[in-house]
Every structure is written in C-alpha cells, then in structure tokens.
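Down below is the structure, laid out as structure tokens.
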Amino acid sequence: MRAVPGIATAGIAAFGVAAGVALAAAPGAARTGWGPLSALAVEDGAWVSLGYGEALTFRGGRPTLFHRAGPFCYPAPAGQTGADEAFRLASRPSRDRLAFAADPAGTRYTFARTAALPPACLTERRWDAGAVARVVAATFADLYPGFGVRGRDPGAFARALAAIPADASDDALWARLTAVLGSLDDAHVGLEAGEQSFEGGVAPTLRAARGDAKLGPAPDARELAWLRAYRAGVSAMLGANDHVAAGRRVQWGRTGSVGYLNVLAMGGFDPKAAPDDTAELDRALDAAMAAFRGARAVLVDVSANQGGYDTVALAVAARFADRPRVAWTKRGHGSGEPFRPFRVTPSARPRYLGPVTLLTSDLTVSAGETFVLAMRALPNVRHVGAVTRGALSDQLEKPLPNGWVLRLPAEDYRDARGVSAEGVGIVPVERLDPFAPSHRAAVEGLVRRMAAAR
C-alpha cells in the first residue's frame, strides 16, 4: 500500500509549527512561496477544500479542521496522526485560495474561501452505527473515483450501507462495513478500528499463494514463503552476480550482456531513516548503473512491487530518463481543479539510457504503478508482463465520527496521454505471465530474448 507524505489525515494541532521559510505575508495577501502556516497570518473566516472533503475555519489566527461528506460534517479529532505532514507547509496562491503540502513537489491540498461553514459543521449530533455507515456512503459518493470502472453500482453500495441499523453493535458494524467495502475489490480501500484492520483488493496471485497449503500452515506464512521463493529464484538466476541492498528491497545483477534490476517497494530502504529517504536506494542504484555500463539491455522487474512513495518512483525512473517528460497528471476527484503534471527528470547520478524492458504483474500496485507510468513515458522502455493492479490514487485517511479510520482513493491519475488506469490497471504492450511456469523461468526467457535482440 502506498504511504505518501501529505495524505490529508485530519486534525490540525500541528499547524504552524513545522520548520520552513518564513513567508511574512500580510493578512489576505497572495504569496506563492511555501512555509509554515503561522507566517501567513490568515484572517478569520471559512474555507472548503477542492476535493478531499474538508473544511477549515480560522478564529484569531487559529485553524479548526472539519470533515465533510454529503450532508454530514464533523470536527476532526484532536491530535490526529499525520496532520503535521498533511499541513506541514502552506501557501497563499491568491486571496481566495490556501494550499497545503508536505512537500511542494508532492500532493497539494487547496482550500477556497467561502462565506460560512455548512450549518452541519456547527451542529452537534449523536453518531450511532447507522449514521456512521451513512457517513461512509456519503464519503464514497463524494470522493471515490472507482465505481464505474470497477463495474460497481454506487446506488447498491449506498443501499447496503443504509441498511445497517442504528443500534448495531461495534462488532456488527465492523462486519457489515468491511463486507461492503470488500465488495469493491480495491487495494486502496481499508478500515481501522483500534487493533482491527481491514484491507481490500488482494491480488489474484497473492490470493492463490495464501490459499496454497503446500507453502505453509497459515495464509501469512504462505505469502512469506512465496516471496522467499521469488527472491531465491532471482538469486539463482544471477548466481555470483547477485546483489541485494537498500533494506533488501533492491536486487540487481548482470547475466551476460543483460542487466537486471528488481525493486520490491518504493520506500523503506533504511529502517533508521524516513520511509521515503533515498540515500540507501541511491547507493544501490549507483552500483547497479555502474554494472549496467555497456549492457545490451536492462530488465527492470517490478512484478512484486507493492508500492510506497511517488517521489521514490520518480527517483528510480530518473535513472533511465534522457530528458524531462510528463510521467502522469492528477487532481483530487471532483475538485474541478486542472490536472497537475508530475515529471520524470534525468538523475544527476549515473543513468542507463539503452533499451529497457519493464516487467509487471497483478501485484504491481500503487507507487509501483506510478513508476510504470513514469517508465512508459520514456522512449527506451518497453512494457511487458501482466496488467497491473489498478490502484494508483493516494490513500486518503478519513477519521469517522466514532473514532475509526476509513481509507479510500480520492484522486484521478492520468498517464501522459490523459488515460486513466484506476480500477482497470495498466496494460502492457506485450502480455505474458511473469509467474509461469515460474518467475525465474519467465525472467530467464525475457533475458534470452533481450540478449538476442538487434
């Protein structure tokens, strides 16, 4: 699953405390630079987000955040984890706009000035199980981009949630909510309640591994056994040229005239650093690019990449880029804002600009998929394998009024041609099963073809 800095996760206790360049703006003045919110001196008033289902009020310069969904509105819980990231930096692009981001190069959340908060935001109410279920339905109706493309009926989804009774116990509410959410088969839909957690959309390959009794006594053990066999097959293929680095998330080597690079995640390369830190990744890629010097071609394998950070995806793709190119565009679903372009830019570190084959599977998801978009924008890359999972949007975390946390995609991603893969996956130029008869055999077959190509 993707963990992206800047996901709006409620709560604004940390507003104005992050380090940054002071903006020293007068109240109401436009200021396009980024810094802590406290430097903007925002005048009292109300603001609503463009997309993402939020609202803000300022009183005496202090902000209060609300979550909105259809007719519902409720205050964000105090001290919600992640608020310091979502609102770490602020900008005032115009008098009637506020923008927030963890990083100006990443996701931005824009708020428009409004005359007043919706009355529901200022009305206290009792949040029984039925009301919570209707908030979930309204949140999906406002923000979810995946109903039609996944062949799901939004009306049936809403009716299933509306059928949850007001007096349902927590256990019953959990069971009913997760059943309805699970019907979407979306890897970026989830729910958390204390120690309980639910994630939707398990890829068919993983579902088969979890159900294979030959791999172990329990689903989790079977999944780990499958992954160990996957990695062992790569090691056996590379032999003495096998290298594993960056927290065991990067594996690379060379087999004859063909280089091989496997990236298992787009983040988490150093347990002592931030999850999106790329220092260890950069060292591994420097060594890999040096080994690939003079190679006839390179196979980049993300057939087991289960996501991470878009910024990391762009950093890996930058090692194969000849010049800046649009990798994808995106905007908040229903925001009405223009699509914002994200570009892959050539790295200042060692690169490989020869022919590249990119291998994907149904496990390739989230930032693994945005990596695919970035690579497909490059003229030296050919995409083969299986269709990707189709869950590209950042996960938006929505605290519910009962203290649970809902997760859902809330963005429209498009490739450089303007085509969306949300819910349907990215289709390779050449389809082949990357796990038949085994992953090792599929990779070795590709390497032989690449070595023989002219």
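We name chains A, B, ... following the order of the structure tokens; residues begin at 1 in each chain, and ligands are numbered from 1 as shown.
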
Query raised in the report: Near Met375 (chain A), counting only C-alpha atoms, which residues have an atom at most 6 Å away, once you skip same-chain residues fewer than 3 positions from it, shown as a PyMOL selection string?
Result: chain A and resi 317+372+378

Can you spit out the residues from that selection as a PDB file, in the first residue's frame, using C-alpha atoms?
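Result file is part11.pdb:
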```pdb
ATOM      1  CA  ALA A 317      12.676   6.192 -13.195  1.00  0.00           C
ATOM      2  CA  VAL A 372       5.176   2.174 -14.553  1.00  0.00           C
ATOM      3  CA  LEU A 378      10.432   7.081 -21.748  1.00  0.00           C
TER       4      LEU A 378
END
```

**Report entry** Exercise: Phe66 (chain A) partners within 8 Å, only C-alpha atoms, chain neighbours under 3 positions left out, as an MDAnalysis selection string
**Finding:** chainID A and resid 10 54:56 73:76 121

Query raised in the report: Near Arg134 (chain A), counting only C-alpha atoms, which residues have an atom at most 8 Å away, once you skip same-chain residues fewer than 3 positions from it, shown as a ChimeraX atom specification?
Result: /A:130-131,137-138,158,161-162

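Using only C-alpha atoms, the nearest neighbour of Ala160 (chain A) within the list A:Ala179, A:Ala172, A:Ala377, A:Ala101 is A:Ala179.
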
Requested in this report: Could you give me, as a VMD selection string, the residues within 7 Å of Val405 (chain A), counting only C-alpha atoms and dropping anything in the same chain fewer than 2 positions from it?
Outcome: chain A and resid 191 to 193 397 to 400 403 407

Query raised in the report: Looking at only C-alpha atoms, which of A:Met237, A:Ala297, A:Ala367, A:Leu392 is the one that sits closest to Val263 (chain A)?
Result: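 Residue with the minimum atom-to-atom distance to Val263 (chain A): A:Ala367.
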
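CA of Gln306 (chain A) sits 6.9 Å away from CA of Leu264 (chain A).
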
Requested in this report: Could you give me the residues within region 141-251 of chain A that DSSP places in helix (DSSP H, G or I), as a ChimeraX atom specification?
Outcome: /A:141-143,154-162,170-182,204-210,213-215,219-241

Which residues are close to Leu98 (chain A), i.e. within 8 Å by only C-alpha atoms, leaving aside same-chain residues fewer than 6 positions away? Reply as a PDB file with N, CA and C atoms, in the first residue's frame.
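result_12.pdb, freshly written:
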```pdb
ATOM      1  N   ALA A  90       2.482  25.668   3.905  1.00  0.00           N
ATOM      2  CA  ALA A  90       1.310  26.374   3.410  1.00  0.00           C
ATOM      3  C   ALA A  90       1.726  27.434   2.406  1.00  0.00           C
ATOM      4  N   SER A  91       0.776  27.793   1.550  1.00  0.00           N
ATOM      5  CA  SER A  91       0.998  28.829   0.552  1.00  0.00           C
ATOM      6  C   SER A  91      -0.323  29.556   0.330  1.00  0.00           C
ATOM      7  N   ARG A  92      -0.254  30.791  -0.133  1.00  0.00           N
ATOM      8  CA  ARG A  92      -1.449  31.593  -0.423  1.00  0.00           C
ATOM      9  C   ARG A  92      -1.385  32.010  -1.900  1.00  0.00           C
ATOM     10  N   THR A 110      -5.831  22.196  -1.817  1.00  0.00           N
ATOM     11  CA  THR A 110      -6.236  23.581  -1.993  1.00  0.00           C
ATOM     12  C   THR A 110      -7.593  23.822  -1.345  1.00  0.00           C
ATOM     13  N   PHE A 111      -7.699  24.946  -0.633  1.00  0.00           N
ATOM     14  CA  PHE A 111      -8.944  25.359   0.001  1.00  0.00           C
ATOM     15  C   PHE A 111      -9.380  26.695  -0.598  1.00  0.00           C
ATOM     16  N   ALA A 112     -10.673  26.827  -0.842  1.00  0.00           N
ATOM     17  CA  ALA A 112     -11.246  28.058  -1.374  1.00  0.00           C
ATOM     18  C   ALA A 112     -12.029  28.771  -0.285  1.00  0.00           C
TER      19      ALA A 112
END
```

Query raised in the report: Nearest to Val447 (chain A) among A:Phe157, A:Tyr260, A:Tyr309, A:Phe87, with distances taken over only C-alpha atoms: which residue is it?
Result: A:Tyr260
